[in-house]
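S.K.: Take a look at the following structure, please.
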Number of protein chains: 2
Amino acid sequence: MATGSVTDLQAYCQLVARQAHAAAAQLAQVTDAVKQRWLRESARRLRQQQQRVLEANARDLEAAPGFGLTAAQTDRLRLTPERIDAIARGLEEVALLPDPVGEVIESRVRPNGLEVARVRVPLGVVFFIYESRPNVTADAAALCVKSGNAVILRGGKEAAHSSRAIVELMQEAAQQAGLPEHAFQLVATQDREAVGHFLKLDQYISLAIPRGGEGLIRRVVAEATMPVLKHYAGNCHVYVDQHADLDMAVRIVVNAKCQRPGVCNALESLLVHREVAEPFWAKAAPELEARRVEIRADEATRRLVPAAKPASDEDYATEYLDLILSARVVDSLEEAVEHINRYGSHHTDAIVTGRLDCARRFVAGVDSAAVVVNASTRFNDGGEFGLGAEIGISTDKFHARGPCGLKELTTYKWVVYGNGQVRE
Amino acid sequence: MATGSVTDLQAYCQLVARQAHAAAAQLAQVTDAVKQRWLRESARRLRQQQQRVLEANARDLEAAPGFGLTAAQTDRLRLTPERIDAIARGLEEVALLPDPVGEVIESRVRPNGLEVARVRVPLGVVFFIYESRPNVTADAAALCVKSGNAVILRGGKEAAHSSRAIVELMQEAAQQAGLPEHAFQLVATQDREAVGHFLKLDQYISLAIPRGGEGLIRRVVAEATMPVLKHYAGNCHVYVDQHADLDMAVRIVVNAKCQRPGVCNALESLLVHREVAEPFWAKAAPELEARRVEIRADEATRRLVPAAKPASDEDYATEYLDLILSARVVDSLEEAVEHINRYGSHHTDAIVTGRLDCARRFVAGVDSAAVVVNASTRFNDGGEFGLGAEIGISTDKFHARGPCGLKELTTYKWVVYGNGQVRE
């Protein structure tokens with residue numbers, strides 16, 4: 001179905017969702033050999049037919065100014081032979097990840113002889129809504145299908161041609177590998193109303209995953225009738241304890257703030273114990289200033305860092321995603337924990353300390369998806385945690401927390417074997 | 001705060017939720033020794049001061065006719081020394097269950113030396129809404145607090161005095177054991193609007209658990225801003241395969257249908273392979289008729305069971321919770337699986353078969369919380385599965401599926417230990 005030919009949008013969305021639901025039932029029983037074959041064959045075709053993808057991408061790039069894309073956004077949209085090769089390598093890496101489906105999570109034999117097992121199974125159908133980068137199309141299809149789920153891909157209009165070319169190649173590979181026909185489908189309309197229709201189809205769709213700005217996520221949460229994997233803000237902290245190795249603390253702070261300031265696990269707010277504030281800032285301030293980091297701080301910090309501006313309460317609650325850092329001096333570890341739980345976003349928070357009891361108190365007290373001791377906040381990531389690729393980072397506590405890889409795209413069923421047991 | 005004295009309901013709900021949230025932060029770090037002490041001391045006080053509970057219960061029983069309770073409902077409300085002892089034993093059993101908090105679910109050391117662990121932690125605050133039976137008050141408080149969560153208990157008006165007496169005893173025990181003051185709170189108003197206020201307080205409450213009729217659950221799902229543990233219908237099936245031991249099949253069918261027909265894991269719909277329909281029904285029909293089970297069936301079954309009435313499509317989709325059974329003859333295991341996935345409620349479905357490949361195909365194909373081979377559907381239960389007590393049976397796929405015990409009331413945090421690692 002070509003873009004624009006959608007006459008009855010609601011009926012179209014119903015059809016796509018029903019097809020996905022039927023494919024999911026088959027896909028739950030597809031062996032990993034088939035899934036691996038599909039992923040490897042997709043990678044091979046992407047490399048071999050890269051010209052086809054580059055031509056589609058050229059059409060997207062032509063249209064980019066019309067969508068008002070900035071130079072940076074246009075660059076993220078641009079595919080090159082190297083970038084296509086990276087997408088292909090991504091698929092090969094997902095192929096190699098262990099298939100989560102069928103894992104016996106726990107099992108026991110009951111006193112009456114019943115054998116009870118909790119067995120990992122796919123969730124069903126995932127509705128994935130994302131913005132412009134075309135590589136996300138391939139990643140999301142790979143992760144959802146590898147974990148046994150059918151997926152409905154709703155990409156941004158800016159990358160529509162590139163995404164369609166990639167999906168077509170992967171569908172040709174799917175046919176060759178023997179994957180169900182509707183295991184992954186790209187929504188063939190850019191009509192924004194389609195998203196609303198899909199979000200009401202909870203009889204077919206098990207999970208919605210919006211990947212993009214906060215506006216998109218809030219819209220999906222408000223409209224969805226199925227669970228949503230939420231990926232909200234990362235207002236991440238580093239707390240430099242009085243027992244910190246200050247050189248290590250400076251390295252971690254500089255890395256967490258500056259290595260990639262625009263991402264959700266970058267440092268936004270720095271808390272320093274009063275006892276070490278002076279020597280710490282004597283080392284840290286020149287490093288941060290050399291990297292043009294603007295510091296917004298309380299009075300105690302400003303006395304040590306004359307260039308710092310005053311911080312408001314709102315600063316402490318803000319995810320800058322920029323070379324700006326809020327800072328505060330605290331009197332104790334407990335004060336740091338309280339500040340983090342109050343102003344933070346429960347994403348990623350780190351302590352730098354040499355003392356075991358301080359590390360343990362911080363880990364126990366901070367209510368965040370990831371709590372890090374003596375390392376950069378930037379490590380909160382599916383790849384860095386060893387989950388393989390990730391479909392998103394959950395800021396919820398329910399179902400999955402932090403990086404979501406293949407396992408987090410599954411649920412379980414209870415499988416019970418008996419030999420005629422009845423209940424007394 | 002006494003019932004009726006609530007002047008500003010919304011402010012009251014806010015206060016209760018804020019207190020619960022503060023208690024949850026402390027409770028997450030309370031050792032199991034303290035939780036065990038509290039549960040054992042609660043049991044001791046319940047037995048020792050049973051008169052106090054019986055007197056409160058007498059007031060509820062007096063009021064019962066005014067609430068229009070039936071004789072059966074009034075009996076469920078009634079406490080006796082034996083029933084109070086059973087509640088106390090329940091608390092002692094929960095005390096003995098392994099504390100799920102702090103369990104390292106998985107861990108690995110990354111190539112850069114980072115130690116990454118997924119560690120089980122409580123969800124936070126549970127809002128538990130339930131109907132009349134007073135023992136549920138004690139059970140829910142025990143399960144939520146044992147798993148490290150604070151809980152807000154909203155019981156039915158019919159058991160208000162009994163529940164308050166039980167909570168007061170358990171709070172006295174909590175003080176003695178050193179549990180945080182607001183670890184569990186009974187909502188001190190019967191105003192129905194209070195539920196609506198709590199369901200909007202997702203900044204404090206992590207999970208809502210409604211336990212009661214479908215109307216209650218639908219209301220909670222519609223109004224809640226936090227996740228809801230849903231416990232919808234159980235339209236459970238038994239499929240008698242052509243390779244079944246027919247005597248075993250009859251035993252299982254009779255048990256699943258008749259042992260306790262009013263519960264969610266009771267049998268509602270029976271599918272029989274055409275090859276064995278005649279001998280199976282020759283054995284089964286007299287057993288079911290002797291127990292006054294009304295059979296509603298397709299034509300093929302009715303030819304074998306003259307007393308059976310015709311079944312409509314709606315019958316196959318109905319959870320009777322009564323001595324009524326819908327039945328159908330099917331031509332294959334695949335047809336049985338398709339029927340179950342179409343008409344069932346994804347709760348509990350069983351096959352009776354002697355053939356391994358049939359068992360495996362059924363287990364793989366049926367998309368239900370529990371799939372049972374050669375045993376009664378009645379075993380889908382936290383106690384029978386070895387989880388200890390359960391707070392409910394989830395009919396969702398997200399977060400938890402089937403019986404929910406202590407583990408299902410938890411989430412996890414990622415805990416990362418390094419020695420100065422930064423990201424390149």
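Note on naming: chains are A, B, ... as they come in the structure tokens, residues start from 1 per chain, ligands start from 1 in the order shown.
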Which RMSD value, in Å, follows from superposing chain A onto chain B on all C-alpha atoms in order by least squares?
M.R.: 0.0 Å
S.K.: Near range 243-258 of chain B, within 7 Å and counting only C-alpha atoms, which residues show up once chain neighbours fewer than 4 positions away are dropped, as a count of residues only?
M.R.: 19
S.K.: Residues near range 392-401 of chain A, anyone? I mean within 6 Å using only C-alpha atoms, not counting same-chain ones fewer than 2 positions away, as a PyMOL selection string.
M.R.: (chain A and resi 230-232+369+390+403-404) or (chain B and resi 399)
S.K.: Now that the selection is made, can you save its residues with N, CA and C atoms as a PDB file, in the first residue's frame?
M.R.:
ATOM      1  N   LYS A 230       7.907   3.968  28.636  1.00  0.00           N
ATOM      2  CA  LYS A 230       8.166   5.414  28.676  1.00  0.00           C
ATOM      3  C   LYS A 230       9.658   5.685  28.807  1.00  0.00           C
ATOM      4  N   HIS A 231      10.077   6.694  28.122  1.00  0.00           N
ATOM      5  CA  HIS A 231      11.481   7.075  28.116  1.00  0.00           C
ATOM      6  C   HIS A 231      11.506   8.577  28.341  1.00  0.00           C
ATOM      7  N   TYR A 232      11.320   8.950  29.616  1.00  0.00           N
ATOM      8  CA  TYR A 232      11.274  10.379  29.931  1.00  0.00           C
ATOM      9  C   TYR A 232      12.679  10.908  30.190  1.00  0.00           C
ATOM     10  N   ALA A 369      16.794   4.096  38.245  1.00  0.00           N
ATOM     11  CA  ALA A 369      16.933   2.911  37.402  1.00  0.00           C
ATOM     12  C   ALA A 369      18.353   2.365  37.476  1.00  0.00           C
ATOM     13  N   GLU A 390      19.525  -1.998  22.548  1.00  0.00           N
ATOM     14  CA  GLU A 390      18.360  -1.675  23.363  1.00  0.00           C
ATOM     15  C   GLU A 390      17.309  -1.002  22.500  1.00  0.00           C
ATOM     16  N   PRO A 403      17.686   0.211  30.740  1.00  0.00           N
ATOM     17  CA  PRO A 403      17.823  -0.229  29.344  1.00  0.00           C
ATOM     18  C   PRO A 403      16.941  -1.438  29.054  1.00  0.00           C
ATOM     19  N   CYS A 404      16.233  -1.412  27.918  1.00  0.00           N
ATOM     20  CA  CYS A 404      15.374  -2.519  27.532  1.00  0.00           C
ATOM     21  C   CYS A 404      15.937  -3.211  26.303  1.00  0.00           C
TER      22      CYS A 404
ATOM     23  N   HIS B 399       4.541  -6.942  32.929  1.00  0.00           N
ATOM     24  CA  HIS B 399       5.084  -6.991  34.290  1.00  0.00           C
ATOM     25  C   HIS B 399       4.912  -8.370  34.916  1.00  0.00           C
TER      26      HIS B 399
END
S.K.: Smallest atom-to-atom distance to Phe385 in chain B: which of A:Ile152, A:Ala141, A:Val116, A:Ile340, using only C-alpha atoms?
M.R.: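 Ranked by minimum distance to Phe385 in chain B, first place goes to A:Val116.
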S.K.: Give me, please, the distance in Å between CA of Glu131 in chain A and CA of Arg211 in chain A, quoted to one decimal.
M.R.: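 So the answer is 6.9 Å.
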S.K.: Name the residues in contact with Arg89 in chain B at a cut-off of 10 Å, using only C-alpha atoms, excluding same-chain residues fewer than 2 positions from it; report them as a list in words.
M.R.: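 Final neighbour list, sorted by chain and number: Leu39, Arg40, Ala43, Arg44, Arg47, Arg83, Ile84, Asp85, Ala86, Ile87, Leu91, Glu92, Glu93, Val94 and Ala95 of chain B.
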S.K.: Hey, what does DSSP flag as strand (DSSP E or B) within range 161-410 of chain B? Can you give it to me as a ChimeraX atom specification?
M.R.: /B:184-186,207-211,228,236-240,267-273,294-297,309-310,324-330,348-352,370-375,392-394,402-404,410
S.K.: Residues near range 8-15 of chain A, anyone? I mean within 12 Å using only C-alpha atoms, not counting same-chain ones fewer than 4 positions away, as number ranges by chain.
M.R.: A: 1-4, 19-22, 127, 152-154, 182, 185-205
S.K.: May I have the residues from that selection written out with C-alpha atoms, as a PDB file, in the first residue's frame?
M.R.:
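What follows is the written file part_22.pdb:
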ATOM      1  CA  MET A   1       0.000   0.000   0.000  1.00  0.00           C
ATOM      2  CA  ALA A   2       1.549   3.271  -1.120  1.00  0.00           C
ATOM      3  CA  THR A   3       1.586   6.422   0.954  1.00  0.00           C
ATOM      4  CA  GLY A   4      -1.420   8.547   0.257  1.00  0.00           C
ATOM      5  CA  GLN A  19      -2.133  -9.002  10.497  1.00  0.00           C
ATOM      6  CA  ALA A  20       0.510  -8.289  13.120  1.00  0.00           C
ATOM      7  CA  HIS A  21      -1.498 -10.196  15.727  1.00  0.00           C
ATOM      8  CA  ALA A  22      -1.794 -13.235  13.469  1.00  0.00           C
ATOM      9  CA  PHE A 127       3.738  -0.619  18.120  1.00  0.00           C
ATOM     10  CA  ILE A 152       4.261  -2.177  13.581  1.00  0.00           C
ATOM     11  CA  LEU A 153       6.809   0.484  12.634  1.00  0.00           C
ATOM     12  CA  ARG A 154       5.611   4.069  12.479  1.00  0.00           C
ATOM     13  CA  HIS A 182       3.560  -9.644   8.613  1.00  0.00           C
ATOM     14  CA  GLN A 185       5.176  -3.845   8.848  1.00  0.00           C
ATOM     15  CA  LEU A 186       5.949  -0.233   8.069  1.00  0.00           C
ATOM     16  CA  VAL A 187       2.857   1.958   8.365  1.00  0.00           C
ATOM     17  CA  ALA A 188       2.189   3.151   4.837  1.00  0.00           C
ATOM     18  CA  THR A 189       0.746   6.524   5.690  1.00  0.00           C
ATOM     19  CA  GLN A 190       2.098   9.652   7.317  1.00  0.00           C
ATOM     20  CA  ASP A 191      -1.354  10.687   8.496  1.00  0.00           C
ATOM     21  CA  ARG A 192      -0.906  11.605  12.158  1.00  0.00           C
ATOM     22  CA  GLU A 193      -4.359  10.249  12.949  1.00  0.00           C
ATOM     23  CA  ALA A 194      -3.085   6.728  12.284  1.00  0.00           C
ATOM     24  CA  VAL A 195      -1.107   6.804  15.531  1.00  0.00           C
ATOM     25  CA  GLY A 196      -4.298   7.550  17.444  1.00  0.00           C
ATOM     26  CA  HIS A 197      -6.082   4.615  15.807  1.00  0.00           C
ATOM     27  CA  PHE A 198      -3.295   2.171  16.612  1.00  0.00           C
ATOM     28  CA  LEU A 199      -3.180   3.358  20.236  1.00  0.00           C
ATOM     29  CA  LYS A 200      -6.791   2.219  20.680  1.00  0.00           C
ATOM     30  CA  LEU A 201      -6.188  -1.328  19.352  1.00  0.00           C
ATOM     31  CA  ASP A 202      -5.178  -2.994  22.614  1.00  0.00           C
ATOM     32  CA  GLN A 203      -6.958  -6.195  21.587  1.00  0.00           C
ATOM     33  CA  TYR A 204      -4.127  -6.671  19.069  1.00  0.00           C
ATOM     34  CA  ILE A 205      -1.206  -4.603  20.366  1.00  0.00           C
TER      35      ILE A 205
END
S.K.: If we count only C-alpha atoms, what is near range 107-110 of chain A at a cut-off of 10 Å, once residues fewer than 4 positions away on the same chain are taken out, given as an MDAnalysis selection string?
M.R.: (chainID A and resid 114:119 414:418) or (chainID B and resid 384:386)
S.K.: Give me, as a PyMOL selection string, all polymer residues having an atom no more than 8 Å from Ser206 in chain B, counting only C-alpha atoms and skipping those fewer than 5 positions away in the same chain.
M.R.: (chain A and resi 397-398) or (chain B and resi 123-126+226-227)
S.K.: Those residues with N, CA and C atoms, as a PDB file, in the first residue's frame please?
M.R.:
ATOM      1  N   LYS A 397       8.957   2.050  36.678  1.00  0.00           N
ATOM      2  CA  LYS A 397       9.401   0.953  37.539  1.00  0.00           C
ATOM      3  C   LYS A 397       8.721  -0.354  37.147  1.00  0.00           C
ATOM      4  N   PHE A 398       7.642  -0.245  36.415  1.00  0.00           N
ATOM      5  CA  PHE A 398       6.782  -1.398  36.160  1.00  0.00           C
ATOM      6  C   PHE A 398       7.281  -2.143  34.933  1.00  0.00           C
TER       7      PHE A 398
ATOM      8  N   LEU B 123       8.519  -2.027  44.643  1.00  0.00           N
ATOM      9  CA  LEU B 123       7.916  -1.091  43.691  1.00  0.00           C
ATOM     10  C   LEU B 123       7.752   0.297  44.308  1.00  0.00           C
ATOM     11  N   GLY B 124       7.397   0.356  45.572  1.00  0.00           N
ATOM     12  CA  GLY B 124       7.173   1.649  46.238  1.00  0.00           C
ATOM     13  C   GLY B 124       5.911   1.629  47.065  1.00  0.00           C
ATOM     14  N   VAL B 125       4.836   2.219  46.541  1.00  0.00           N
ATOM     15  CA  VAL B 125       3.557   2.262  47.252  1.00  0.00           C
ATOM     16  C   VAL B 125       2.501   1.526  46.439  1.00  0.00           C
ATOM     17  N   VAL B 126       1.778   0.636  47.098  1.00  0.00           N
ATOM     18  CA  VAL B 126       0.672  -0.086  46.471  1.00  0.00           C
ATOM     19  C   VAL B 126      -0.640   0.457  47.029  1.00  0.00           C
ATOM     20  N   MET B 226      -1.667   5.369  37.393  1.00  0.00           N
ATOM     21  CA  MET B 226      -0.539   4.457  37.613  1.00  0.00           C
ATOM     22  C   MET B 226      -0.903   3.090  37.031  1.00  0.00           C
ATOM     23  N   PRO B 227       0.080   2.166  36.891  1.00  0.00           N
ATOM     24  CA  PRO B 227      -0.274   0.835  36.400  1.00  0.00           C
ATOM     25  C   PRO B 227      -1.257   0.129  37.339  1.00  0.00           C
TER      26      PRO B 227
END
S.K.: For each of B:Val104, B:Ala177, B:Ala364, B:Val329, take the minimum atom-to-atom distance to Tyr412 in chain A, counting only C-alpha atoms, then give the residue where this is smallest.
M.R.: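 Distance minimum relative to Tyr412 in chain A lands on B:Ala364.
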S.K.: Record the distance separating CA of Asn265 in chain B and CA of Thr348 in chain B, expressed in Å with one decimal.
M.R.: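 These two atoms are separated by 6.4 Å.
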S.K.: With distances taken over only C-alpha atoms, which of B:Arg18, B:His273, B:Arg260, B:Arg303 is nearest to chain A?
M.R.: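 Closest residue, counting only C-alpha atoms: B:Arg260.
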S.K.: For a quick check of understanding, using only C-alpha atoms, which of A:Met170, A:Leu356, A:Leu77, A:Ala282 has the smallest distance to chain B?
M.R.: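 Looking at the shortest contact to chain B, the residue is A:Leu356.
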S.K.: Which value, in Å to one decimal, gives the distance between CA of Pro210 in chain B and CA of Ile129 in chain B?
M.R.: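 Between these atoms lies a distance of 4.7 Å.
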S.K.: Write out as a list of chain:residue names all residues of range 79-147 of chain A that backbone DSSP assigns to alpha helix (DSSP H).
M.R.: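 Filtering range 79-147 of chain A to alpha helix (DSSP H) leaves A:Pro81, A:Glu82, A:Arg83, A:Ile84, A:Asp85, A:Ala86, A:Ile87, A:Ala88, A:Arg89, A:Gly90, A:Leu91, A:Glu92, A:Glu93, A:Val94, A:Ala95, A:Leu96, A:Asn135, A:Val136, A:Thr137, A:Ala138, A:Asp139, A:Ala140, A:Ala141, A:Ala142, A:Leu143, A:Cys144, A:Val145, A:Lys146.
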S.K.: Mind writing the picked residues with N, CA and C atoms as a PDB file, in the first residue's frame?
M.R.:
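Contents of selection-v7.pdb, freshly written:
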ATOM      1  N   PRO A  81      27.608   4.779   2.492  1.00  0.00           N
ATOM      2  CA  PRO A  81      27.972   3.354   2.500  1.00  0.00           C
ATOM      3  C   PRO A  81      28.444   2.901   3.881  1.00  0.00           C
ATOM      4  N   GLU A  82      29.187   3.759   4.584  1.00  0.00           N
ATOM      5  CA  GLU A  82      29.672   3.391   5.916  1.00  0.00           C
ATOM      6  C   GLU A  82      28.496   3.226   6.884  1.00  0.00           C
ATOM      7  N   ARG A  83      27.551   4.131   6.814  1.00  0.00           N
ATOM      8  CA  ARG A  83      26.419   4.057   7.741  1.00  0.00           C
ATOM      9  C   ARG A  83      25.531   2.845   7.427  1.00  0.00           C
ATOM     10  N   ILE A  84      25.392   2.531   6.164  1.00  0.00           N
ATOM     11  CA  ILE A  84      24.621   1.333   5.807  1.00  0.00           C
ATOM     12  C   ILE A  84      25.340   0.085   6.311  1.00  0.00           C
ATOM     13  N   ASP A  85      26.660   0.102   6.203  1.00  0.00           N
ATOM     14  CA  ASP A  85      27.418  -1.033   6.726  1.00  0.00           C
ATOM     15  C   ASP A  85      27.235  -1.151   8.243  1.00  0.00           C
ATOM     16  N   ALA A  86      27.172  -0.014   8.921  1.00  0.00           N
ATOM     17  CA  ALA A  86      26.964  -0.052  10.376  1.00  0.00           C
ATOM     18  C   ALA A  86      25.584  -0.634  10.707  1.00  0.00           C
ATOM     19  N   ILE A  87      24.569  -0.279   9.910  1.00  0.00           N
ATOM     20  CA  ILE A  87      23.233  -0.857  10.127  1.00  0.00           C
ATOM     21  C   ILE A  87      23.295  -2.372   9.945  1.00  0.00           C
ATOM     22  N   ALA A  88      23.971  -2.809   8.881  1.00  0.00           N
ATOM     23  CA  ALA A  88      24.093  -4.247   8.612  1.00  0.00           C
ATOM     24  C   ALA A  88      24.813  -4.950   9.760  1.00  0.00           C
ATOM     25  N   ARG A  89      25.889  -4.323  10.265  1.00  0.00           N
ATOM     26  CA  ARG A  89      26.600  -4.926  11.395  1.00  0.00           C
ATOM     27  C   ARG A  89      25.699  -5.019  12.618  1.00  0.00           C
ATOM     28  N   GLY A  90      24.859  -4.010  12.828  1.00  0.00           N
ATOM     29  CA  GLY A  90      23.907  -4.038  13.936  1.00  0.00           C
ATOM     30  C   GLY A  90      22.996  -5.252  13.845  1.00  0.00           C
ATOM     31  N   LEU A  91      22.514  -5.534  12.646  1.00  0.00           N
ATOM     32  CA  LEU A  91      21.636  -6.701  12.456  1.00  0.00           C
ATOM     33  C   LEU A  91      22.394  -7.998  12.760  1.00  0.00           C
ATOM     34  N   GLU A  92      23.634  -8.061  12.317  1.00  0.00           N
ATOM     35  CA  GLU A  92      24.434  -9.272  12.587  1.00  0.00           C
ATOM     36  C   GLU A  92      24.679  -9.455  14.076  1.00  0.00           C
ATOM     37  N   GLU A  93      24.842  -8.336  14.785  1.00  0.00           N
ATOM     38  CA  GLU A  93      25.037  -8.436  16.240  1.00  0.00           C
ATOM     39  C   GLU A  93      23.768  -8.940  16.928  1.00  0.00           C
ATOM     40  N   VAL A  94      22.610  -8.443  16.501  1.00  0.00           N
ATOM     41  CA  VAL A  94      21.353  -8.923  17.094  1.00  0.00           C
ATOM     42  C   VAL A  94      21.172 -10.413  16.800  1.00  0.00           C
ATOM     43  N   ALA A  95      21.564 -10.840  15.583  1.00  0.00           N
ATOM     44  CA  ALA A  95      21.465 -12.266  15.229  1.00  0.00           C
ATOM     45  C   ALA A  95      22.192 -13.132  16.251  1.00  0.00           C
ATOM     46  N   LEU A  96      23.333 -12.646  16.723  1.00  0.00           N
ATOM     47  CA  LEU A  96      24.176 -13.433  17.634  1.00  0.00           C
ATOM     48  C   LEU A  96      23.702 -13.411  19.081  1.00  0.00           C
ATOM     49  N   ASN A 135      18.249   4.370  10.574  1.00  0.00           N
ATOM     50  CA  ASN A 135      18.813   3.154  11.164  1.00  0.00           C
ATOM     51  C   ASN A 135      17.908   2.568  12.238  1.00  0.00           C
ATOM     52  N   VAL A 136      17.087   3.431  12.864  1.00  0.00           N
ATOM     53  CA  VAL A 136      16.194   2.957  13.935  1.00  0.00           C
ATOM     54  C   VAL A 136      15.190   1.952  13.369  1.00  0.00           C
ATOM     55  N   THR A 137      14.786   2.137  12.124  1.00  0.00           N
ATOM     56  CA  THR A 137      13.861   1.207  11.477  1.00  0.00           C
ATOM     57  C   THR A 137      14.406  -0.219  11.522  1.00  0.00           C
ATOM     58  N   ALA A 138      15.662  -0.363  11.115  1.00  0.00           N
ATOM     59  CA  ALA A 138      16.274  -1.698  11.081  1.00  0.00           C
ATOM     60  C   ALA A 138      16.469  -2.251  12.491  1.00  0.00           C
ATOM     61  N   ASP A 139      16.968  -1.403  13.395  1.00  0.00           N
ATOM     62  CA  ASP A 139      17.205  -1.836  14.783  1.00  0.00           C
ATOM     63  C   ASP A 139      15.922  -2.344  15.428  1.00  0.00           C
ATOM     64  N   ALA A 140      14.861  -1.567  15.306  1.00  0.00           N
ATOM     65  CA  ALA A 140      13.610  -1.905  15.999  1.00  0.00           C
ATOM     66  C   ALA A 140      13.017  -3.189  15.437  1.00  0.00           C
ATOM     67  N   ALA A 141      13.031  -3.322  14.104  1.00  0.00           N
ATOM     68  CA  ALA A 141      12.517  -4.566  13.519  1.00  0.00           C
ATOM     69  C   ALA A 141      13.332  -5.752  14.028  1.00  0.00           C
ATOM     70  N   ALA A 142      14.648  -5.593  14.063  1.00  0.00           N
ATOM     71  CA  ALA A 142      15.519  -6.694  14.489  1.00  0.00           C
ATOM     72  C   ALA A 142      15.240  -7.098  15.934  1.00  0.00           C
ATOM     73  N   LEU A 143      15.168  -6.120  16.840  1.00  0.00           N
ATOM     74  CA  LEU A 143      15.011  -6.435  18.264  1.00  0.00           C
ATOM     75  C   LEU A 143      13.637  -7.029  18.550  1.00  0.00           C
ATOM     76  N   CYS A 144      12.600  -6.454  17.944  1.00  0.00           N
ATOM     77  CA  CYS A 144      11.254  -6.971  18.213  1.00  0.00           C
ATOM     78  C   CYS A 144      11.106  -8.387  17.678  1.00  0.00           C
ATOM     79  N   VAL A 145      11.528  -8.617  16.446  1.00  0.00           N
ATOM     80  CA  VAL A 145      11.323  -9.935  15.840  1.00  0.00           C
ATOM     81  C   VAL A 145      12.244 -10.978  16.481  1.00  0.00           C
ATOM     82  N   LYS A 146      13.476 -10.587  16.809  1.00  0.00           N
ATOM     83  CA  LYS A 146      14.371 -11.536  17.473  1.00  0.00           C
ATOM     84  C   LYS A 146      13.773 -12.005  18.806  1.00  0.00           C
TER      85      LYS A 146
END
